[in-house]
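K.L.:
The file below is upload33.txt, compact mmCIF, C-alpha atoms and all ligand atoms:
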# COMPACT_ATOMS: atom_id res chain seq x y z
CA MET A 1 47.45 34.78 -48.75
CA CYS A 2 49.02 33.45 -45.73
CA ARG A 3 47.82 33.87 -42.19
CA HIS A 4 49.99 35.17 -39.39
CA ILE A 5 49.84 35.92 -35.68
CA ALA A 6 52.01 37.53 -33.00
CA TYR A 7 51.73 37.58 -29.22
CA LEU A 8 53.35 39.62 -26.45
CA GLY A 9 52.73 39.22 -22.73
CA GLU A 10 53.02 36.77 -19.87
CA PRO A 11 54.52 33.35 -20.64
CA VAL A 12 52.24 31.10 -22.67
CA ALA A 13 52.53 27.73 -24.39
CA PRO A 14 52.29 28.38 -28.15
CA GLN A 15 49.63 25.68 -28.44
CA ASP A 16 47.26 27.81 -26.34
CA LEU A 17 47.28 30.46 -29.08
CA LEU A 18 48.11 28.50 -32.23
CA VAL A 19 46.43 25.11 -31.82
CA HIS A 20 43.73 24.95 -29.14
CA PRO A 21 41.42 27.89 -29.98
CA PRO A 22 38.63 26.77 -32.31
CA TYR A 23 39.82 28.79 -35.31
CA ALA A 24 43.51 28.94 -34.45
CA LEU A 25 46.36 29.25 -36.95
CA TYR A 26 46.52 25.45 -37.03
CA ARG A 27 42.96 25.28 -38.35
CA GLN A 28 43.45 28.36 -40.51
CA SER A 29 45.87 26.28 -42.56
CA TRP A 30 42.93 24.39 -44.07
CA ALA A 31 39.88 26.46 -43.10
CA PRO A 32 40.68 30.16 -42.77
CA ARG A 33 37.55 32.21 -42.14
CA THR A 34 38.42 35.67 -43.45
CA GLN A 35 41.11 34.99 -46.05
CA ARG A 36 40.50 37.10 -49.14
CA HIS A 37 42.95 35.42 -51.52
CA GLY A 38 43.80 31.74 -51.84
CA THR A 39 42.00 28.92 -50.06
CA VAL A 40 44.36 26.82 -47.95
CA ASN A 41 47.73 27.55 -46.35
CA VAL A 42 49.73 24.38 -46.79
CA ASP A 43 52.95 25.57 -48.44
CA GLY A 44 54.92 25.64 -45.22
CA PHE A 45 54.65 27.16 -41.78
CA GLY A 46 56.85 28.66 -39.13
CA LEU A 47 57.01 29.57 -35.47
CA GLY A 48 59.49 32.01 -33.98
CA TRP A 49 59.67 32.63 -30.25
CA TYR A 50 61.79 34.28 -27.58
CA ALA A 51 63.14 32.40 -24.58
CA ASP A 52 63.52 34.38 -21.35
CA GLY A 53 66.97 35.91 -21.06
CA ASP A 54 67.82 35.58 -24.75
CA GLU A 55 66.99 38.41 -27.11
CA THR A 56 67.65 36.31 -30.23
CA PRO A 57 64.56 34.30 -31.13
CA ALA A 58 64.43 30.61 -31.92
CA ARG A 59 62.71 29.52 -35.10
CA TYR A 60 61.11 26.33 -36.34
CA ARG A 61 59.95 26.18 -39.98
CA ARG A 62 58.92 23.41 -42.29
CA THR A 63 57.96 23.05 -45.95
CA GLY A 64 54.68 21.15 -45.52
CA PRO A 65 51.38 21.74 -43.78
CA ILE A 66 51.41 22.50 -40.08
CA TRP A 67 49.10 19.60 -39.23
CA ALA A 68 51.48 17.05 -40.72
CA ASP A 69 54.34 17.90 -38.38
CA GLU A 70 54.63 16.04 -35.10
CA THR A 71 57.60 18.04 -33.89
CA PHE A 72 55.57 21.24 -34.09
CA ALA A 73 52.96 19.71 -31.80
CA ASP A 74 55.65 18.88 -29.22
CA LEU A 75 57.26 22.31 -29.40
CA ALA A 76 53.95 24.11 -29.16
CA ARG A 77 53.17 22.10 -26.03
CA VAL A 78 56.40 22.41 -24.07
CA VAL A 79 57.72 25.87 -24.98
CA ARG A 80 56.83 28.84 -22.75
CA THR A 81 57.33 32.28 -24.22
CA ARG A 82 56.49 35.93 -23.71
CA ALA A 83 56.68 36.70 -27.40
CA LEU A 84 56.05 34.73 -30.57
CA LEU A 85 55.31 35.19 -34.26
CA ALA A 86 53.90 32.36 -36.36
CA ALA A 87 52.58 31.94 -39.90
CA VAL A 88 51.09 29.40 -42.30
CA ARG A 89 51.84 29.92 -45.97
CA SER A 90 49.99 29.81 -49.27
CA ALA A 91 52.72 30.47 -51.81
CA THR A 92 51.92 33.03 -54.51
CA GLU A 93 52.98 33.07 -58.16
CA GLY A 94 56.68 33.24 -58.85
CA CYS A 95 57.76 32.65 -55.26
CA ALA A 96 60.09 29.82 -54.30
CA ALA A 97 58.90 26.71 -52.51
CA GLY A 98 60.59 25.41 -49.40
CA GLU A 99 61.42 26.13 -45.82
CA GLY A 100 63.53 29.18 -46.67
CA ALA A 101 60.46 30.95 -48.05
CA ALA A 102 58.27 30.21 -45.01
CA ALA A 103 57.80 32.99 -42.45
CA PRO A 104 58.94 34.05 -39.99
CA PHE A 105 62.00 35.53 -41.62
CA ALA A 106 64.60 36.32 -38.99
CA ALA A 107 67.76 38.28 -38.35
CA GLU A 108 69.41 39.31 -35.10
CA ARG A 109 66.54 40.01 -32.68
CA TRP A 110 63.73 40.41 -35.22
CA LEU A 111 61.03 38.19 -36.69
CA PHE A 112 59.02 39.18 -39.77
CA SER A 113 56.10 37.88 -41.81
CA HIS A 114 54.28 39.02 -44.96
CA ASN A 115 50.69 38.19 -45.74
CA GLY A 116 50.08 39.11 -49.38
CA ALA A 117 51.72 39.40 -52.77
CA VAL A 118 53.55 42.08 -54.74
CA ALA A 119 52.03 42.67 -58.18
CA GLY A 120 54.52 42.19 -60.96
CA TRP A 121 57.04 40.38 -58.77
CA PRO A 122 59.95 40.26 -59.35
CA GLY A 123 60.37 42.77 -62.20
CA LYS A 124 58.47 45.63 -60.62
CA LEU A 125 60.80 45.63 -57.63
CA ASP A 126 64.12 45.64 -59.45
CA GLY A 127 64.55 49.37 -58.88
CA LEU A 128 63.98 48.94 -55.15
CA ALA A 129 66.23 45.90 -54.92
CA ALA A 130 69.00 47.90 -56.58
CA LEU A 131 68.97 50.31 -53.64
CA LEU A 132 70.06 47.54 -51.26
CA PRO A 133 73.77 46.85 -50.81
CA PRO A 134 74.80 43.69 -52.73
CA ALA A 135 75.70 41.94 -49.46
CA GLU A 136 72.13 42.34 -48.22
CA LEU A 137 70.72 41.04 -51.50
CA LEU A 138 73.00 38.02 -51.30
CA GLU A 139 71.63 37.34 -47.81
CA LEU A 140 68.03 36.98 -49.11
CA GLU A 141 66.48 33.99 -47.39
CA ALA A 142 64.51 32.95 -50.49
CA HIS A 143 63.54 33.99 -53.99
CA SER A 144 60.21 35.48 -53.00
CA ASP A 145 58.50 38.83 -52.70
CA SER A 146 58.28 38.36 -48.92
CA ALA A 147 62.03 37.79 -48.57
CA LEU A 148 62.75 41.01 -50.45
CA LEU A 149 60.23 42.93 -48.33
CA TRP A 150 62.06 41.57 -45.29
CA ALA A 151 65.43 42.70 -46.67
CA LEU A 152 64.05 46.20 -47.24
CA THR A 153 62.63 46.29 -43.72
CA LEU A 154 65.79 44.90 -42.15
CA HIS A 155 67.85 47.50 -43.96
CA ARG A 156 65.90 50.20 -42.11
CA LEU A 157 65.95 48.39 -38.76
CA ARG A 158 69.72 48.05 -38.88
CA ARG A 159 69.97 51.78 -39.40
CA GLY A 160 67.97 52.47 -36.25
CA ALA A 161 64.38 52.70 -37.48
CA GLY A 162 61.64 51.74 -35.06
CA LEU A 163 59.52 48.72 -35.92
CA ASP A 164 56.57 50.80 -37.11
CA GLU A 165 58.78 53.21 -39.03
CA ALA A 166 60.56 50.33 -40.79
CA LEU A 167 57.29 48.71 -41.91
CA ALA A 168 55.76 52.01 -43.03
CA GLY A 169 58.90 52.70 -45.06
CA THR A 170 58.70 49.34 -46.81
CA VAL A 171 55.03 49.78 -47.68
CA ALA A 172 55.66 53.29 -49.01
CA ASP A 173 58.63 52.10 -51.08
CA VAL A 174 56.72 49.24 -52.66
CA ALA A 175 53.61 51.35 -53.23
CA ALA A 176 55.75 53.82 -55.15
CA HIS A 177 56.73 51.06 -57.61
CA THR A 178 53.73 48.77 -57.91
CA THR A 179 50.54 47.58 -56.26
CA GLY A 180 50.08 44.58 -54.04
CA ARG A 181 48.86 43.26 -50.75
CA LEU A 182 51.26 44.15 -47.99
CA ASN A 183 50.08 42.98 -44.60
CA LEU A 184 53.36 42.90 -42.69
CA LEU A 185 54.06 41.73 -39.14
CA LEU A 186 57.26 42.41 -37.20
CA THR A 187 58.50 41.90 -33.64
CA ASP A 188 61.68 42.33 -31.62
CA GLY A 189 60.29 40.40 -28.66
CA THR A 190 59.16 43.49 -26.78
CA SER A 191 56.96 45.27 -29.34
CA VAL A 192 54.92 44.19 -32.35
CA ALA A 193 54.22 46.31 -35.41
CA ALA A 194 51.88 45.42 -38.26
CA THR A 195 50.43 46.91 -41.41
CA THR A 196 47.12 46.37 -43.16
CA TRP A 197 47.34 46.84 -46.90
CA GLY A 198 44.89 44.63 -48.73
CA ASP A 199 44.02 41.93 -46.21
CA THR A 200 42.53 41.43 -42.77
CA LEU A 201 44.09 42.02 -39.35
CA HIS A 202 42.67 41.92 -35.83
CA HIS A 203 43.97 42.46 -32.33
CA ARG A 204 42.74 41.40 -28.93
CA ALA A 205 43.79 41.95 -25.32
CA LEU A 206 43.93 38.73 -23.31
CA PRO A 207 43.04 39.80 -19.75
CA GLY A 208 45.92 39.15 -17.36
CA LEU A 209 48.08 37.83 -20.17
CA GLY A 210 48.92 40.17 -23.05
CA THR A 211 48.01 41.10 -26.60
CA VAL A 212 47.46 39.10 -29.77
CA VAL A 213 47.68 40.52 -33.30
CA ALA A 214 46.42 38.11 -35.97
CA SER A 215 45.24 37.98 -39.56
CA GLU A 216 41.94 36.65 -38.27
CA PRO A 217 40.31 36.04 -34.88
CA TYR A 218 41.05 32.58 -33.50
CA ASP A 219 37.71 32.46 -31.67
CA ASP A 220 34.41 34.34 -31.49
CA ASP A 221 35.28 36.38 -28.40
CA PRO A 222 33.84 39.92 -28.70
CA GLY A 223 37.20 41.32 -27.59
CA TRP A 224 38.66 41.19 -31.10
CA THR A 225 39.02 44.51 -32.92
CA ALA A 226 39.36 44.69 -36.71
CA VAL A 227 42.11 46.99 -37.97
CA PRO A 228 41.04 49.18 -40.92
CA ASP A 229 42.85 48.75 -44.21
CA GLY A 230 45.77 51.11 -44.71
CA SER A 231 46.80 51.12 -41.04
CA LEU A 232 49.95 50.83 -38.99
CA LEU A 233 49.59 49.04 -35.65
CA LEU A 234 52.04 49.13 -32.77
CA THR A 235 51.80 47.38 -29.40
CA ASP A 236 54.05 46.71 -26.43
CA GLY A 237 51.72 43.96 -25.22
CA ARG A 238 49.67 46.33 -23.07
CA GLY A 239 48.36 49.20 -25.18
CA VAL A 240 47.70 49.11 -28.92
CA THR A 241 47.92 52.13 -31.21
CA VAL A 242 46.53 52.10 -34.73
CA ARG A 243 47.11 54.98 -37.12
CA PRO A 244 46.74 55.47 -40.85
CA LEU A 245 49.73 54.62 -42.99
CA PRO A 246 51.13 57.76 -44.60
CA SER A 247 50.02 56.83 -48.10
CA HIS A 248 47.33 54.47 -49.23
CA TYR A 249 46.63 53.17 -52.71
N1 LIG A 301 53.81 36.10 -51.49
C1 LIG A 301 54.27 35.44 -50.30
C2 LIG A 301 54.75 34.03 -50.60
O1 LIG A 301 54.52 33.51 -51.63
C3 LIG A 301 53.23 35.44 -49.20
C4 LIG A 301 52.14 34.49 -49.54
C5 LIG A 301 50.80 34.75 -48.92
O2 LIG A 301 50.53 35.68 -48.17
N2 LIG A 301 49.93 33.92 -49.32
O3 LIG A 301 55.33 33.44 -49.76
Go through the file and emit its structure as structure tokens.
Ligand code: GLN
P.N.:
Amino acid sequence: MCRHIAYLGEPVAPQDLLVHPPYALYRQSWAPRTQRHGTVNVDGFGLGWYADGDETPARYRRTGPIWADETFADLARVVRTRALLAAVRSATEGCAAGEGAAAPFAAERWLFSHNGAVAGWPGKLDGLAALLPPAELLELEAHSDSALLWALTLHRLRRGAGLDEALAGTVADVAAHTTGRLNLLLTDGTSVAATTWGDTLHHRALPGLGTVVASEPYDDDPGWTAVPDGSLLLTDGRGVTVRPLPSHY
């Protein structure tokens, strides 16, 4: 299982969230603390962020481990952003290698990540895939369960669904066809939505700054709150709401 994190709030340098904290995403790539499946997350990584005045995010992804990339260290130091989504990847069975399969997946103003695996991929999802227009299937960023989950989510977003509604729809669709672990994370730069479906998720308010939503706490601050399994989280960077997903297992 991969690890992912999103932030909304006052401008920060990504390194202050992703690298410097003692158990940050950077360290989670080789020593995650609460990961339930897999051991290390070295099959690629990605950072997506929003620059002030531009609603389309920038993205930097690579195939290898996050610690082996000097450009990431530079970017994480000099960028300032009010919204980011980052992930480190542990590829699961049957999913393509390479940069194209590393989160965040992106389109228009959205960034998306999936922490988990779909049981029976790809066969169990052929019925769902067939519901997508061929053009959207041809746009798949990679041959992976995560890329298809992103296409299903994007399909809803483009038709006007809210972030939370789009994620809940994807989880319900997949759950109707098969089982799996579906911790999803989505942002448009002003809100963040996330699901818990088989793995861990936490959120924390950073006083005077904003809100972090992450697979696991990046430090031992008591301000972290664990999100129960089967939940849908939504935040605008100030308040956080967590409610049960409509259907669970
Ligand atoms: N199944 C996805 C992939 O292979 C996500 C992996 C994960 O969460 N470990 O990319």
K.L.:
Rounded to one decimal in Å, what is the spacing between atom CA of A:Gln35 and atom O2 of ligand LIG 301 (chain A)?
P.N.:
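Computing it gives 9.7 Å between the two atoms.
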K.L.:
Could you tell me, as a PyMOL selection string, which residues have any atom at most 12 Å from (58.3, 51.9, -45.3), counting only C-alpha atoms?
P.N.:
chain A and resi 128+149-157+161-176+182+184+194-195+232+245-248
K.L.:
So which residues are near ligand LIG 301 (chain A), meaning at most 8 Å away with all atoms listed in the file counted, given back as a VMD selection string?
P.N.:
chain A and resid 1 to 3 37 to 38 41 89 to 96 101 to 103 114 to 118 144 to 146
K.L.:
Just give me the gap between atom CA of A:Arg82 and atom CA of A:Gly223 in Å, one decimal is fine.
P.N.:
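Going from atom CA of A:Arg82 over to atom CA of A:Gly223, I get 20.4 Å.
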K.L.:
Find the distance between atom CA of A:Trp67 and atom CA of A:Trp224 and write it in Å to one decimal.
P.N.:
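Here the two named atoms are 25.3 Å from each other.
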K.L.:
Applying 7 Å and only C-alpha atoms, which residues near A:Thr225 remain after dropping the ones on its own chain fewer than 6 positions away? List them as a list in words.
P.N.:
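These residues fall inside the cut-off: His202, His203 and Arg204 of chain A.
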K.L.:
So, counting only C-alpha atoms, which residue among A:Ala83, A:Ala97, A:Ile66, A:Ala130 is closest to A:Arg109?
P.N.:
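Closest to A:Arg109 of all the choices is A:Ala83.
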K.L.:
Go through A:Ser113, A:Ser215, A:Thr196, A:Thr178 and flag the residue nearest A:Thr34, using all atoms listed in the file for the distances.
P.N.:
A:Ser215
K.L.:
May I have the residues within 9 Å of A:Phe45 as a ChimeraX atom specification, using only C-alpha atoms and disregarding those fewer than 4 positions away in the same chain?
P.N.:
/A:29,41,60-66,86-89,99,102-104
K.L.:
Restricting the output to C-alpha atoms, write the selected residues as a CSV table (one decimal), in the frame of the given file.
P.N.:
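result.csv was written with the following content:
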chain,number,residue,atom,x,y,z
A,29,SER,CA,45.9,26.3,-42.6
A,41,ASN,CA,47.7,27.6,-46.4
A,60,TYR,CA,61.1,26.3,-36.3
A,61,ARG,CA,60.0,26.2,-40.0
A,62,ARG,CA,58.9,23.4,-42.3
A,63,THR,CA,58.0,23.0,-46.0
A,64,GLY,CA,54.7,21.2,-45.5
A,65,PRO,CA,51.4,21.7,-43.8
A,66,ILE,CA,51.4,22.5,-40.1
A,86,ALA,CA,53.9,32.4,-36.4
A,87,ALA,CA,52.6,31.9,-39.9
A,88,VAL,CA,51.1,29.4,-42.3
A,89,ARG,CA,51.8,29.9,-46.0
A,99,GLU,CA,61.4,26.1,-45.8
A,102,ALA,CA,58.3,30.2,-45.0
A,103,ALA,CA,57.8,33.0,-42.4
A,104,PRO,CA,58.9,34.0,-40.0
K.L.:
Write out as a short mmCIF file (atom, residue, chain, number, x, y, z; two decimals) with C-alpha atoms, keeping the file's coordinate frame which residues come within 10 Å of A:Val240 when counting all atoms listed in the file, dropping same-chain ones fewer than 5 positions away.
P.N.:
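Written output follows (around_13.cif):
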data_model
loop_
_atom_site.label_atom_id
_atom_site.label_comp_id
_atom_site.auth_asym_id
_atom_site.auth_seq_id
_atom_site.Cartn_x
_atom_site.Cartn_y
_atom_site.Cartn_z
CA VAL A 192 54.92 44.19 -32.35
CA ALA A 193 54.22 46.31 -35.41
CA HIS A 203 43.97 42.46 -32.33
CA ARG A 204 42.74 41.40 -28.93
CA ALA A 205 43.79 41.95 -25.32
CA THR A 211 48.01 41.10 -26.60
CA VAL A 213 47.68 40.52 -33.30
CA LEU A 233 49.59 49.04 -35.65
CA LEU A 234 52.04 49.13 -32.77
CA THR A 235 51.80 47.38 -29.40
#
K.L.:
Find the residues near A:Gly208: any atom within 9 Å, counting all atoms listed in the file, skip ones fewer than 2 places away on the same chain, and give them as a ChimeraX atom specification.
P.N.:
/A:9-10,205-206,210
K.L.:
Would you put the residues from that selection into a file with C-alpha atoms, as a compact mmCIF listing (two decimals), keeping the file's coordinate frame?
P.N.:
# COMPACT_ATOMS: atom_id res chain seq x y z
CA GLY A 9 52.73 39.22 -22.73
CA GLU A 10 53.02 36.77 -19.87
CA ALA A 205 43.79 41.95 -25.32
CA LEU A 206 43.93 38.73 -23.31
CA GLY A 210 48.92 40.17 -23.05
K.L.:
Kindly extract all protein, DNA and RNA residues lying within 12 Å of the coordinates (55.0, 19.1, -30.4) given in the file, considering all atoms listed in the file, and supply them as a list in words.
P.N.:
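These residues have at least one counted atom within 12 Å: Ala13, Pro14, Gln15, Leu18, Val19, Leu47, Tyr60, Ile66, Trp67, Ala68, Asp69, Glu70, Thr71, Phe72, Ala73, Asp74, Leu75, Ala76, Arg77, Val78 and Val79 of chain A.
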K.L.:
Which of these residues is nearest to A:Glu216, using only C-alpha atoms: A:Asp199, A:His177, A:Gly44, A:Ser231?
P.N.:
A:Asp199
K.L.:
Emit as AutoDock Vina command-line options the padded axis-aligned box for all listed atoms of stretch 135-153 of chain A, 3 Å per side, with centre and edge lengths in Å to one decimal.
P.N.:
--center_x 67.0 --center_y 39.6 --center_z -48.9 --size_x 23.4 --size_y 19.3 --size_z 16.3
K.L.:
Between A:Trp197, A:Tyr7, A:Tyr50, A:Phe112, which one has atoms that come closest to A:Val212, using all atoms listed in the file?
P.N.:
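Using all atoms listed in the file, the shortest distance to A:Val212 belongs to A:Tyr7.
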K.L.:
Choose the residue, out of A:Gly160, A:Leu186, A:Thr81, A:Pro134, that has the smallest atom-to-atom separation from A:Phe105; count all atoms listed in the file.
P.N.:
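That would be A:Leu186, the residue with the smallest distance to A:Phe105.
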K.L.:
Which residue, A:Asp52, A:Asp219, A:Arg181, A:Glu136, has the smallest gap to A:Asp16 when you use all atoms listed in the file?
P.N.:
A:Asp219
